[in-house]
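Heads up, protein15.cif below (mmCIF, C-alpha atoms):
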```
data_coords
loop_
_atom_site.label_atom_id
_atom_site.label_comp_id
_atom_site.auth_asym_id
_atom_site.auth_seq_id
_atom_site.Cartn_x
_atom_site.Cartn_y
_atom_site.Cartn_z
CA MET D 202 -5.20 17.26 -10.22
CA LYS D 203 -5.24 13.53 -11.02
CA ASN D 204 -7.98 11.21 -9.71
CA ASP D 205 -7.84 8.19 -7.39
CA GLU D 206 -7.69 5.73 -10.29
CA TYR D 207 -4.60 7.45 -11.71
CA TYR D 208 -2.74 7.19 -8.41
CA MET D 209 -3.91 3.62 -7.79
CA GLN D 210 -2.48 2.58 -11.14
CA ILE D 211 0.91 3.81 -9.94
CA ALA D 212 0.51 1.88 -6.68
CA TYR D 213 -0.40 -1.18 -8.77
CA LYS D 214 2.87 -0.83 -10.72
CA GLU D 215 4.67 -0.91 -7.37
CA ALA D 216 2.73 -4.08 -6.46
CA LEU D 217 3.94 -5.68 -9.68
CA LYS D 218 7.54 -4.90 -8.67
CA ALA D 219 6.94 -6.71 -5.38
CA TYR D 220 5.41 -9.68 -7.18
CA LYS D 221 8.42 -9.97 -9.50
CA LYS D 222 10.64 -10.11 -6.40
CA GLY D 223 8.58 -12.93 -4.86
CA GLU D 224 6.97 -10.63 -2.29
CA ILE D 225 3.32 -10.27 -1.37
CA PRO D 226 2.32 -7.87 -4.16
CA VAL D 227 1.38 -4.71 -2.35
CA GLY D 228 2.28 -1.27 -3.63
CA ALA D 229 1.77 2.10 -1.97
CA ILE D 230 2.31 5.76 -2.75
CA VAL D 231 1.97 8.98 -0.76
CA VAL D 232 0.50 11.97 -2.59
CA SER D 233 0.32 15.61 -1.55
CA ASN D 234 -3.28 16.81 -1.43
CA ASN D 235 -2.01 20.37 -1.98
CA ASP D 236 -0.58 19.90 -5.46
CA GLY D 237 -1.22 16.25 -6.38
CA LYS D 238 2.48 15.43 -6.58
CA ILE D 239 3.67 11.96 -5.65
CA ILE D 240 5.94 12.25 -2.64
CA SER D 241 6.97 8.60 -2.41
CA LYS D 242 6.44 5.13 -3.90
CA ALA D 243 7.10 1.74 -2.36
CA HIS D 244 6.35 -1.96 -2.49
CA ASN D 245 6.58 -4.82 -0.02
CA LEU D 246 10.10 -5.95 0.87
CA ARG D 247 9.45 -8.03 3.99
CA ASP D 248 10.48 -11.42 2.60
CA ASN D 249 13.58 -10.22 0.78
CA SER D 250 14.75 -8.06 3.68
CA GLN D 251 13.53 -10.43 6.42
CA VAL D 252 12.36 -7.33 8.31
CA ILE D 253 8.76 -7.56 9.52
CA THR D 254 8.03 -3.84 9.13
CA LYS D 255 8.99 -3.65 5.46
CA HIS D 256 5.38 -3.35 4.29
CA ALA D 257 4.72 -1.10 1.28
CA GLU D 258 2.69 1.37 3.33
CA ILE D 259 5.34 1.81 6.02
CA ILE D 260 8.15 2.14 3.48
CA ALA D 261 6.15 4.75 1.53
CA ILE D 262 5.43 6.68 4.74
CA GLU D 263 9.09 6.59 5.80
CA LYS D 264 10.24 7.77 2.37
CA ALA D 265 7.70 10.60 2.44
CA ASN D 266 8.81 11.61 5.96
CA LYS D 267 12.40 11.78 4.79
CA LYS D 268 11.56 13.69 1.61
CA ILE D 269 9.44 16.38 3.29
CA LYS D 270 11.60 16.32 6.45
CA ASN D 271 8.57 15.89 8.69
CA TRP D 272 6.98 12.86 10.33
CA ARG D 273 3.55 14.46 9.97
CA LEU D 274 1.96 13.73 6.60
CA ILE D 275 -0.81 16.27 7.01
CA ASN D 276 -2.64 17.05 3.74
CA CYS D 277 -1.43 13.79 2.20
CA THR D 278 -3.17 10.67 0.91
CA LEU D 279 -1.83 7.13 0.96
CA TYR D 280 -2.83 4.88 -1.95
CA THR D 281 -2.29 1.16 -1.37
CA THR D 282 -3.31 -1.93 -3.29
CA LEU D 283 -4.38 -3.87 -0.18
CA LYS D 284 -6.35 -2.69 2.83
CA PRO D 285 -3.66 -1.98 5.45
CA CYS D 286 -2.93 -4.50 8.19
CA ARG D 287 -3.12 -3.55 11.86
CA MET D 288 0.55 -2.64 12.08
CA CYS D 289 0.31 -0.37 9.03
CA GLN D 290 -2.93 1.14 10.32
CA GLU D 291 -1.18 2.20 13.51
CA VAL D 292 1.64 3.81 11.53
CA ILE D 293 -0.93 5.52 9.29
CA ASN D 294 -2.77 6.90 12.32
CA SER D 295 0.46 8.16 13.84
CA SER D 296 1.63 9.79 10.61
CA LYS D 297 -1.46 12.02 10.48
CA LEU D 298 -2.30 11.14 6.87
CA GLU D 299 -5.54 12.77 5.81
CA LYS D 300 -6.88 9.87 3.76
CA VAL D 301 -6.17 6.29 2.70
CA VAL D 302 -7.44 4.79 -0.55
CA TYR D 303 -7.07 1.04 -1.08
CA SER D 304 -8.18 -1.41 -3.75
CA SER D 305 -8.22 -5.03 -2.54
CA GLU D 306 -9.98 -6.02 0.67
CA SER D 307 -8.32 -7.91 3.48
CA ASN D 308 -9.45 -9.27 6.82
CA ASN D 309 -8.36 -6.32 8.94
CA ASP D 310 -10.73 -5.16 11.63
CA LEU D 311 -8.94 -2.27 13.34
CA ILE D 312 -10.68 1.06 12.85
CA LEU D 313 -8.56 3.89 11.53
CA LYS D 314 -8.90 7.48 12.69
CA THR D 315 -7.92 8.46 9.16
CA LYS D 316 -10.66 8.40 6.53
CA MET D 317 -10.37 5.18 4.55
CA PHE D 318 -12.41 3.97 1.63
CA GLN D 319 -12.19 1.42 -1.13
CA ILE D 320 -11.69 2.77 -4.64
CA ASN D 321 -14.69 2.44 -6.90
CA SER D 322 -13.05 0.92 -9.97
CA ASN D 323 -13.81 -2.66 -10.93
CA ILE D 324 -10.77 -2.93 -13.20
CA ILE D 325 -8.31 -1.89 -10.49
CA ILE D 326 -10.02 -4.01 -7.82
CA THR D 327 -10.03 -7.02 -10.15
CA ASN D 328 -6.35 -6.56 -11.12
CA THR D 329 -5.02 -6.05 -7.60
CA THR D 330 -7.13 -8.87 -6.14
CA ALA D 331 -6.07 -11.27 -8.90
CA LEU D 332 -2.39 -10.39 -8.40
CA ILE D 333 -2.60 -11.03 -4.66
CA LYS D 334 -4.40 -14.36 -5.17
CA LYS D 335 -1.82 -15.38 -7.78
CA ALA D 336 1.01 -14.57 -5.38
CA PHE D 337 -0.52 -16.55 -2.52
CA LEU D 338 -1.08 -19.56 -4.78
CA LYS D 339 2.58 -19.35 -5.80
CA ILE D 340 3.68 -19.10 -2.14
CA ARG D 341 1.49 -22.02 -1.07
CA GLU D 342 2.87 -24.13 -3.92
CA LYS D 343 6.43 -23.25 -2.89
CA TYR D 344 5.87 -24.45 0.70
CA LYS D 345 3.44 -27.29 -0.06
CA ASP D 346 5.95 -30.10 0.32
CA LYS D 347 7.89 -28.66 3.24
#
```
What would you get if you wrote out this structure as structure tokens?
Amino acid sequence: MKNDEYYMQIAYKEALKAYKKGEIPVGAIVVSNNDGKIISKAHNLRDNSQVITKHAEIIAIEKANKKIKNWRLINCTLYTTLKPCRMCQEVINSSKLEKVVYSSESNNDLILKTKMFQINSNIIITNTTALIKKAFLKIREKYKDK
């Protein structure tokens, strides 16, 4: 079975896709804890879709639900490049995911019922944090004169 860093690198690739589309660069994947297979991959699409719920985590969860034909993601782990927001945390709790692994911190204060911990990899944390900062600088520059 692959380790957390392996899966987080895949989530990071999804975050890069979001960044290239002008989105907040967050990527997420759902992995089966039974066999280590990736069930779904997603990245943020909120700005391009203009749909508030199009966060990477929610899209990945919905894709996984559809693929396994079950809303319960028991024995699954969600990997995401940013600590989930409150909305995503509620969806995570409801989906019955076993675990969440994230890289970059955020200012979320809601407690999850699901086990959640930050990955212990300086390279991944540095890359995902830098990408998010770069995106926000770009966004702020875009709206600076408006």
Run through the PyMOL selection byres ((chain D and resi 332) around 12) on the given coordinates and return the selected residues as number ranges by chain. D: 213-221, 223-228, 282-283, 304-305, 325-331, 333-339
What is the distance between CA of Leu298 (chain D) and CA of Asn321 (chain D), in Å to one decimal?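 Computing it gives 20.5 Å between the two atoms.
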May I have the residues within 12 Å of Glu263 (chain D) as an MDAnalysis selection string, using only C-alpha atoms and disregarding those fewer than 6 positions away in the same chain? chainID D and resid 229:231 240:243 254:257 269:274 279 289 292:293 295:296
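For the set D:Lys297, D:Gln319, D:Asn276, D:Lys343, the residue with the smallest atom-to-atom gap to Asn235 (chain D) is D:Asn276, counting all atoms listed in the file.
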Output, as lines of an AutoDock Vina configuration file, the centre and edge lengths in Å (one decimal) of the axis-aligned box that contains all listed atoms of region 275-282 of chain D with 5 Å of margin on each side.
```
center_x = -2.1
center_y = 7.6
center_z = 1.9
size_x = 12.5
size_y = 29.0
size_z = 20.3
```
Distance criterion (all atoms listed in the file): nearest to Thr278 (chain D) out of D:Val302, D:Ala212, D:Ile320, D:Ala265: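 Residue with the minimum atom-to-atom distance to Thr278 (chain D): D:Val302.
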At a cut-off of 9 Å from (-2.7, -3.4, 7.5) in the coordinates of the file, what residues are picked up using only C-alpha atoms, written as a PyMOL selection string? chain D and resi 256+258+283-291+307-309+311
Here CA of Phe318 (chain D) and CA of Val232 (chain D) stand apart by 15.8 Å
Report, in Å to a single decimal, how far apart CA of Ala261 (chain D) and CA of Gln210 (chain D) are. 15.5 Å
